[in-house]
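Asks: Quick one, query_14.cif (mmCIF, C-alpha atoms):
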data_start
loop_
_atom_site.group_PDB
_atom_site.id
_atom_site.type_symbol
_atom_site.label_atom_id
_atom_site.label_comp_id
_atom_site.auth_asym_id
_atom_site.auth_seq_id
_atom_site.Cartn_x
_atom_site.Cartn_y
_atom_site.Cartn_z
ATOM 1 C CA MET A 187 0.000 0.000 0.000
ATOM 2 C CA THR A 188 1.595 3.249 -1.109
ATOM 3 C CA GLY A 189 1.258 6.588 0.627
ATOM 4 C CA ARG A 190 -1.225 7.771 -1.992
ATOM 5 C CA THR A 191 -3.636 4.843 -1.589
ATOM 6 C CA THR A 192 -3.423 5.169 2.205
ATOM 7 C CA LEU A 193 -4.338 8.835 1.898
ATOM 8 C CA LEU A 194 -7.255 7.981 -0.405
ATOM 9 C CA ALA A 195 -8.492 5.277 1.990
ATOM 10 C CA VAL A 196 -8.319 7.611 4.989
ATOM 11 C CA GLY A 197 -10.095 10.323 2.991
ATOM 12 C CA GLU A 198 -12.872 7.963 1.983
ATOM 13 C CA LEU A 199 -13.319 6.724 5.563
ATOM 14 C CA LEU A 200 -13.449 10.324 6.821
ATOM 15 C CA ALA A 201 -16.068 11.228 4.205
ATOM 16 C CA TRP A 202 -18.248 8.230 5.161
ATOM 17 C CA TRP A 203 -17.759 9.028 8.850
ATOM 18 C CA ALA A 204 -18.780 12.675 8.408
ATOM 19 C CA GLY A 205 -21.875 11.760 6.408
ATOM 20 C CA LEU A 206 -22.983 9.027 8.820
ATOM 21 C CA ALA A 207 -22.328 11.147 11.935
ATOM 22 C CA LEU A 208 -24.379 13.979 10.402
ATOM 23 C CA LEU A 209 -27.184 11.522 9.650
ATOM 24 C CA TRP A 210 -27.104 10.331 13.275
ATOM 25 C CA LEU A 211 -27.296 13.884 14.637
ATOM 26 C CA VAL A 212 -30.262 14.651 12.367
ATOM 27 C CA LEU A 213 -32.195 11.510 13.307
ATOM 28 C CA VAL A 214 -31.818 11.412 17.130
ATOM 29 C CA SER A 215 -34.511 13.119 19.194
ATOM 30 C CA SER A 216 -32.209 15.141 21.460
ATOM 31 C CA VAL A 217 -28.582 16.153 20.896
ATOM 32 C CA ASP A 218 -26.416 15.824 24.017
ATOM 33 C CA THR A 219 -22.876 14.694 24.862
ATOM 34 C CA LEU A 220 -23.748 11.001 25.143
ATOM 35 C CA GLU A 221 -25.501 11.038 21.765
ATOM 36 C CA ARG A 222 -22.482 12.743 20.205
ATOM 37 C CA ILE A 223 -20.092 10.096 21.590
ATOM 38 C CA VAL A 224 -22.295 7.146 20.625
ATOM 39 C CA GLY A 225 -23.023 8.693 17.205
ATOM 40 C CA ALA A 226 -19.342 9.290 16.456
ATOM 41 C CA SER A 227 -18.487 5.695 17.461
ATOM 42 C CA ALA A 228 -21.336 4.170 15.458
ATOM 43 C CA ALA A 229 -20.414 6.328 12.463
ATOM 44 C CA ALA A 230 -16.807 5.077 12.701
ATOM 45 C CA VAL A 231 -17.934 1.433 12.571
ATOM 46 C CA GLY A 232 -20.394 2.344 9.810
ATOM 47 C CA ALA A 233 -17.662 4.048 7.800
ATOM 48 C CA LEU A 234 -15.532 0.863 7.858
ATOM 49 C CA ALA A 235 -18.548 -1.212 6.773
ATOM 50 C CA ALA A 236 -19.501 1.319 4.079
ATOM 51 C CA ARG A 237 -16.011 1.309 2.563
ATOM 52 C CA ALA A 238 -15.901 -2.497 2.643
ATOM 53 C CA GLY A 239 -19.310 -2.603 0.949
ATOM 54 C CA ARG A 240 -18.302 -0.052 -1.667
ATOM 55 C CA ARG A 241 -15.133 -2.005 -2.467
ATOM 56 C CA ALA A 242 -17.093 -5.264 -2.679
ATOM 57 C CA VAL A 243 -19.327 -3.969 -5.515
ATOM 58 C CA THR A 244 -16.867 -1.694 -7.347
ATOM 59 C CA TRP A 245 -15.121 -4.474 -9.293
ATOM 60 C CA ARG A 246 -18.288 -5.126 -11.315
ATOM 61 C CA MET B 184 -60.075 14.347 15.850
ATOM 62 C CA ASN B 185 -58.063 17.055 14.122
ATOM 63 C CA GLY B 186 -57.373 17.759 10.461
ATOM 64 C CA TRP B 187 -54.184 15.670 10.398
ATOM 65 C CA LEU B 188 -55.937 12.592 11.750
ATOM 66 C CA LEU B 189 -58.802 13.117 9.308
ATOM 67 C CA ALA B 190 -56.343 13.351 6.409
ATOM 68 C CA ALA B 191 -54.572 10.186 7.610
ATOM 69 C CA THR B 192 -57.904 8.350 7.854
ATOM 70 C CA VAL B 193 -58.927 9.419 4.356
ATOM 71 C CA GLU B 194 -55.517 8.380 3.027
ATOM 72 C CA LEU B 195 -55.559 4.982 4.715
ATOM 73 C CA GLY B 196 -59.194 4.386 3.773
ATOM 74 C CA GLY B 197 -58.602 5.351 0.143
ATOM 75 C CA ALA B 198 -55.077 4.608 -1.026
ATOM 76 C CA GLY B 199 -54.367 2.036 1.701
ATOM 77 C CA ALA B 200 -57.533 0.064 1.006
ATOM 78 C CA ALA B 201 -56.929 0.273 -2.756
ATOM 79 C CA ALA B 202 -53.392 -1.082 -2.275
ATOM 80 C CA LEU B 203 -54.695 -3.896 -0.066
ATOM 81 C CA TRP B 204 -57.368 -4.789 -2.634
ATOM 82 C CA GLY B 205 -54.848 -4.697 -5.476
ATOM 83 C CA THR B 206 -52.437 -6.934 -3.571
ATOM 84 C CA ALA B 207 -55.074 -9.476 -2.570
ATOM 85 C CA THR B 208 -56.759 -9.926 -5.958
ATOM 86 C CA GLY B 209 -55.991 -10.088 -9.653
ATOM 87 C CA PRO B 210 -53.045 -11.288 -11.743
ATOM 88 C CA LEU B 211 -49.453 -11.395 -10.434
ATOM 89 C CA PRO B 212 -48.078 -8.209 -12.095
ATOM 90 C CA ARG B 213 -50.911 -6.164 -10.625
ATOM 91 C CA ARG B 214 -50.452 -7.663 -7.183
ATOM 92 C CA VAL B 215 -46.721 -7.070 -7.077
ATOM 93 C CA MET B 216 -47.170 -3.459 -8.241
ATOM 94 C CA ALA B 217 -49.918 -2.904 -5.647
ATOM 95 C CA GLN B 218 -47.707 -4.165 -2.809
ATOM 96 C CA ASN B 219 -45.002 -1.803 -4.080
ATOM 97 C CA LEU B 220 -47.392 1.152 -3.997
ATOM 98 C CA ALA B 221 -48.688 0.162 -0.539
ATOM 99 C CA THR B 222 -45.527 1.745 0.949
ATOM 100 C CA SER B 223 -46.365 5.050 -0.720
ATOM 101 C CA ALA B 224 -49.941 4.781 0.549
ATOM 102 C CA VAL B 225 -49.244 3.924 4.191
ATOM 103 C CA CYS B 226 -46.007 5.846 4.878
ATOM 104 C CA PRO B 227 -47.543 9.351 4.341
ATOM 105 C CA ALA B 228 -50.429 8.284 6.590
ATOM 106 C CA LEU B 229 -47.910 7.463 9.345
ATOM 107 C CA LEU B 230 -46.397 10.948 8.955
ATOM 108 C CA LEU B 231 -49.862 12.506 9.219
ATOM 109 C CA LEU B 232 -50.687 10.398 12.300
ATOM 110 C CA ALA B 233 -47.423 11.425 14.013
ATOM 111 C CA GLN B 234 -48.309 15.059 13.374
ATOM 112 C CA GLY B 235 -51.940 14.554 14.418
ATOM 113 C CA TYR B 236 -51.032 12.925 17.734
ATOM 114 C CA GLY B 237 -48.256 15.454 18.384
ATOM 115 C CA ARG B 238 -45.661 12.696 18.848
ATOM 116 C CA PRO B 239 -42.637 13.480 16.619
ATOM 117 C CA SER B 240 -40.943 10.189 17.591
ATOM 118 C CA TYR B 241 -43.705 8.261 15.769
ATOM 119 C CA VAL B 242 -42.068 9.566 12.586
ATOM 120 C CA ASP B 243 -39.471 6.800 13.042
ATOM 121 C CA LEU B 244 -42.075 4.276 11.866
ATOM 122 C CA ALA B 245 -42.459 6.178 8.595
ATOM 123 C CA LEU B 246 -38.664 6.339 8.254
ATOM 124 C CA LEU B 247 -38.341 2.563 8.656
ATOM 125 C CA MET B 248 -41.165 1.948 6.205
ATOM 126 C CA ALA B 249 -39.705 4.323 3.598
ATOM 127 C CA LEU B 250 -36.386 2.495 3.954
ATOM 128 C CA LEU B 251 -37.581 -1.128 4.004
ATOM 129 C CA GLY B 252 -40.589 -0.963 1.633
ATOM 130 C CA PRO B 253 -38.650 -0.446 -1.607
ATOM 131 C CA VAL B 254 -36.033 -3.001 -0.465
ATOM 132 C CA GLY B 255 -38.823 -5.565 -0.094
ATOM 133 C CA THR B 256 -40.099 -4.749 -3.571
ATOM 134 C CA LEU B 257 -36.591 -5.250 -5.006
ATOM 135 C CA VAL B 258 -36.503 -8.713 -3.397
ATOM 136 C CA PHE B 259 -39.868 -9.545 -5.024
ATOM 137 C CA ALA B 260 -38.678 -8.148 -8.370
ATOM 138 C CA ARG B 261 -35.639 -10.449 -8.246
ATOM 139 C CA LEU B 262 -37.443 -13.553 -6.977
ATOM 140 C CA LEU B 263 -40.348 -13.185 -9.427
ATOM 141 C CA ALA B 264 -38.110 -12.185 -12.357
ATOM 142 C CA ASP B 265 -39.009 -15.273 -14.387
ATOM 143 C CA GLU B 266 -42.767 -14.989 -13.786
ATOM 144 C CA LEU B 267 -42.747 -11.297 -14.676
ATOM 145 C CA LEU B 268 -40.665 -11.762 -17.834
ATOM 146 C CA ASP B 269 -43.613 -11.793 -20.277
ATOM 147 C CA ASP B 270 -45.909 -9.346 -18.539
ATOM 148 C CA ARG B 271 -43.971 -6.514 -16.901
ATOM 149 C CA PRO B 272 -45.858 -4.639 -14.183
ATOM 150 C CA ARG B 273 -46.030 -1.002 -15.273
ATOM 151 C CA ALA B 274 -47.989 1.687 -13.451
ATOM 152 C CA TRP B 275 -46.163 4.943 -14.062
ATOM 153 C CA THR B 276 -49.261 7.115 -13.658
ATOM 154 C CA LEU B 277 -49.977 5.557 -10.271
ATOM 155 C CA THR B 278 -46.300 5.672 -9.313
ATOM 156 C CA TRP B 279 -46.021 9.397 -10.007
ATOM 157 C CA ALA B 280 -49.415 10.044 -8.398
ATOM 158 C CA ALA B 281 -48.133 8.286 -5.256
ATOM 159 C CA ALA B 282 -44.912 10.331 -5.439
ATOM 160 C CA GLY B 283 -46.982 13.524 -5.696
ATOM 161 C CA LEU B 284 -49.110 12.483 -2.716
ATOM 162 C CA SER B 285 -45.977 11.732 -0.679
ATOM 163 C CA ALA B 286 -44.451 15.082 -1.634
ATOM 164 C CA ALA B 287 -47.638 16.959 -0.710
ATOM 165 C CA VAL B 288 -47.832 15.251 2.709
ATOM 166 C CA VAL B 289 -44.135 15.819 3.445
ATOM 167 C CA VAL B 290 -44.399 19.504 2.477
ATOM 168 C CA ALA B 291 -47.501 19.972 4.640
ATOM 169 C CA VAL B 292 -45.901 18.296 7.674
ATOM 170 C CA CYS B 293 -42.672 20.287 7.091
ATOM 171 C CA VAL B 294 -44.610 23.565 7.048
ATOM 172 C CA ALA B 295 -46.308 22.590 10.307
ATOM 173 C CA THR B 296 -42.960 21.598 11.875
ATOM 174 C CA GLY B 297 -41.011 24.704 10.848
ATOM 175 C CA PRO B 298 -37.284 24.889 10.116
ATOM 176 C CA SER B 299 -35.492 22.561 12.546
ATOM 177 C CA ARG B 300 -33.691 19.220 12.810
ATOM 178 C CA ALA B 301 -37.078 17.517 12.731
ATOM 179 C CA MET B 302 -37.757 19.095 9.332
ATOM 180 C CA VAL B 303 -34.481 17.728 7.932
ATOM 181 C CA LYS B 304 -35.582 14.291 9.116
ATOM 182 C CA LEU B 305 -38.954 14.702 7.387
ATOM 183 C CA LEU B 306 -37.258 15.784 4.155
ATOM 184 C CA LEU B 307 -34.967 12.746 4.390
ATOM 185 C CA ILE B 308 -38.010 10.484 4.781
ATOM 186 C CA GLY B 309 -39.649 12.155 1.783
ATOM 187 C CA ALA B 310 -36.556 11.698 -0.374
ATOM 188 C CA LEU B 311 -36.252 8.021 0.649
ATOM 189 C CA LEU B 312 -39.958 7.448 0.039
ATOM 190 C CA ILE B 313 -40.189 9.063 -3.396
ATOM 191 C CA GLY B 314 -36.772 7.890 -4.600
ATOM 192 C CA GLY B 315 -37.349 4.337 -3.367
ATOM 193 C CA ASN B 316 -40.833 4.254 -4.884
ATOM 194 C CA VAL B 317 -39.617 5.329 -8.334
ATOM 195 C CA ILE B 318 -36.595 2.988 -8.265
ATOM 196 C CA ALA B 319 -38.728 0.018 -7.145
ATOM 197 C CA SER B 320 -41.321 0.700 -9.871
ATOM 198 C CA ARG B 321 -38.532 0.875 -12.448
ATOM 199 C CA ALA B 322 -37.080 -2.402 -11.171
ATOM 200 C CA LEU B 323 -40.486 -4.087 -11.518
ATOM 201 C CA ALA B 324 -40.834 -2.720 -15.056
ATOM 202 C CA GLY B 325 -37.529 -4.406 -15.961
ATOM 203 C CA GLY B 326 -35.426 -1.256 -15.964
ATOM 204 C CA PHE B 327 -32.388 -2.749 -14.203
ATOM 205 C CA ARG B 328 -30.373 -5.549 -15.784
ATOM 206 C CA GLY B 329 -29.182 -6.967 -12.431
ATOM 207 C CA VAL B 330 -32.738 -7.308 -11.099
ATOM 208 C CA ARG B 331 -34.423 -8.325 -14.337
ATOM 209 C CA GLY B 332 -32.950 -11.809 -14.479
ATOM 210 C CA ALA B 333 -32.480 -13.677 -17.754
#
Now, as a test, write the supplied structure out as structure tokens.
Replies:
Amino acid sequence: MTGRTTLLAVGELLAWWAGLALLWLVLVSSVDTLERIVGASAAAVGALAARAGRRAVTWR
Amino acid sequence: MNGWLLAATVELGGAGAAALWGTATGPLPRRVMAQNLATSAVCPALLLLAQGYGRPSYVDLALLMALLGPVGTLVFARLLADELLDDRPRAWTLTWAAAGLSAAVVVAVCVATGPSRAMVKLLLIGALLIGGNVIASRALAGGFRGVRGA
């Protein structure tokens, strides 16, 4: 893995994470510290899954 | 009984009953298209009920339905691909009428909610509902090679 592909992977994960965290904050009923922590963690896991899913269908 | 609940009742009694009737009777293409449109009939009614009862958290039901309804239709489109090969279900007038109904309900509920996080959620539900409805109808009509089968 070269430096460029690492940078691209990190960028993609960050983009997924930002989108998913934003979605979480829009959908929860009240925004407080706990929701922010849980949302950021869930978005991180979701970002890994989203990138894996995207890579799994891109070869077609 | 307020206006929102009345609107939801009319919607469920009209479009919901029509979708139920279409799903329960008639040839296969009509039934599969009716079950597809049932999402667009019931989901706006759930939004209206949430507004009518003054319980914004009930909107989550509509969100789940808007998300899972079209996915279910895609499963049917794939599983029934062979049966639907000769006689594609097409109902573009009804599909766009349902999309218009969904849009009208979402706009009305958004106006009542006012600009806030809740409104963004409602707009997201509307986009999922209308986009999913159109994509699922297109899949049933044979518009996607991966879903169409042979």
Asks: Using all atoms listed in the file, what does the table of chain A residues within 10 Å of chain B look like, with each row giving the shortest atom pair and its distance in Å to one decimal, sorted by chain and ascending number, as CSV?
Replies:
residue,atom,partner,partner_atom,distance
A:Leu209,CA,B:Lys304,CA,8.9
A:Leu211,CA,B:Arg300,CA,8.5
A:Val212,CA,B:Arg300,CA,5.7
A:Leu213,CA,B:Lys304,CA,6.1
A:Val214,CA,B:Arg300,CA,9.1
A:Ser215,CA,B:Ser240,CA,7.2
A:Ser216,CA,B:Arg300,CA,9.7
Asks: Check which residues satisfy the PyMOL selection byres ((chain A and resi 226-230) around 12) in the file shown, then give them as a PyMOL selection string.
Replies: chain A and resi 196+198-211+219-225+231-237
Asks: Rounded to one decimal in Å, what is the spacing between CA of Pro227 (chain B) and CA of Arg213 (chain B)?
Replies: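 According to the coordinates, CA of Pro227 (chain B) and CA of Arg213 (chain B) are separated by 21.8 Å.
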Asks: How close does each residue of region 257-281 of chain B get to region 308-317 of chain B, giving the shortest atom pair and distance in Å to one decimal for every residue with an atom at most 12 Å away, counting only C-alpha atoms, sorted by chain and residue number, as CSV?
Replies:
residue,atom,partner,partner_atom,distance
B:Leu257,CA,B:Gly315,CA,9.8
B:Arg273,CA,B:Val317,CA,11.4
B:Ala274,CA,B:Val317,CA,10.5
B:Trp275,CA,B:Val317,CA,8.7
B:Thr276,CA,B:Val317,CA,11.2
B:Leu277,CA,B:Val317,CA,10.5
B:Thr278,CA,B:Val317,CA,6.8
B:Trp279,CA,B:Val317,CA,7.8
B:Ala280,CA,B:Ile313,CA,10.5
B:Ala281,CA,B:Ile313,CA,8.2
Asks: Those residues you just picked out, can you put them in a file as a PDB file, in the coordinates of the input with C-alpha atoms?
Replies:
ATOM      1  CA  LEU B 257     -36.591  -5.250  -5.006  1.00  0.00           C
ATOM      2  CA  ARG B 273     -46.030  -1.002 -15.273  1.00  0.00           C
ATOM      3  CA  ALA B 274     -47.989   1.687 -13.451  1.00  0.00           C
ATOM      4  CA  TRP B 275     -46.163   4.943 -14.062  1.00  0.00           C
ATOM      5  CA  THR B 276     -49.261   7.115 -13.658  1.00  0.00           C
ATOM      6  CA  LEU B 277     -49.977   5.557 -10.271  1.00  0.00           C
ATOM      7  CA  THR B 278     -46.300   5.672  -9.313  1.00  0.00           C
ATOM      8  CA  TRP B 279     -46.021   9.397 -10.007  1.00  0.00           C
ATOM      9  CA  ALA B 280     -49.415  10.044  -8.398  1.00  0.00           C
ATOM     10  CA  ALA B 281     -48.133   8.286  -5.256  1.00  0.00           C
TER      11      ALA B 281
END
Asks: What does the structure give for the distance between CA of Glu194 (chain B) and CA of Gly326 (chain B), in Å to one decimal?
Replies: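 Atom-to-atom, CA of Glu194 (chain B) and CA of Gly326 (chain B) are spaced 29.3 Å apart.
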Asks: Check what the PyMOL selection byres ((chain B and resi 289) around 8) selects in the file above and give those residues as number ranges by chain.
Replies: B: 227, 230, 285-288, 290-293, 305-306, 309
Asks: Have a look at CA of Pro272 (chain B) and CA of Pro212 (chain B) and let me know their distance in Å, one decimal.
Replies: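 Interatomic distance, CA of Pro272 (chain B) to CA of Pro212 (chain B): 4.7 Å.
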Asks: Considering all atoms listed in the file, can you say which of B:Ala264, B:Leu284, B:Leu229, B:Ala202 comes closest to Met216 (chain B)?
Replies: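 Closest to Met216 (chain B), using all atoms listed in the file: B:Ala202.
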Asks: So which residues touch Leu220 (chain B) within 10 Å, counting only C-alpha atoms, skipping near sequence neighbours fewer than 2 positions away, as a list of chain:residue names?
Replies: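 Result of the neighbour search: B:Ala198, B:Gly199, B:Ala201, B:Ala202, B:Leu203, B:Gly205, B:Thr206, B:Arg214, B:Val215, B:Met216, B:Ala217, B:Gln218, B:Thr222, B:Ser223, B:Ala224, B:Val225, B:Gly252, B:Pro253, B:Thr256, B:Ala274, B:Leu277, B:Thr278, B:Ala281, B:Ala282, B:Asn316, B:Val317, B:Ala319, B:Ser320.
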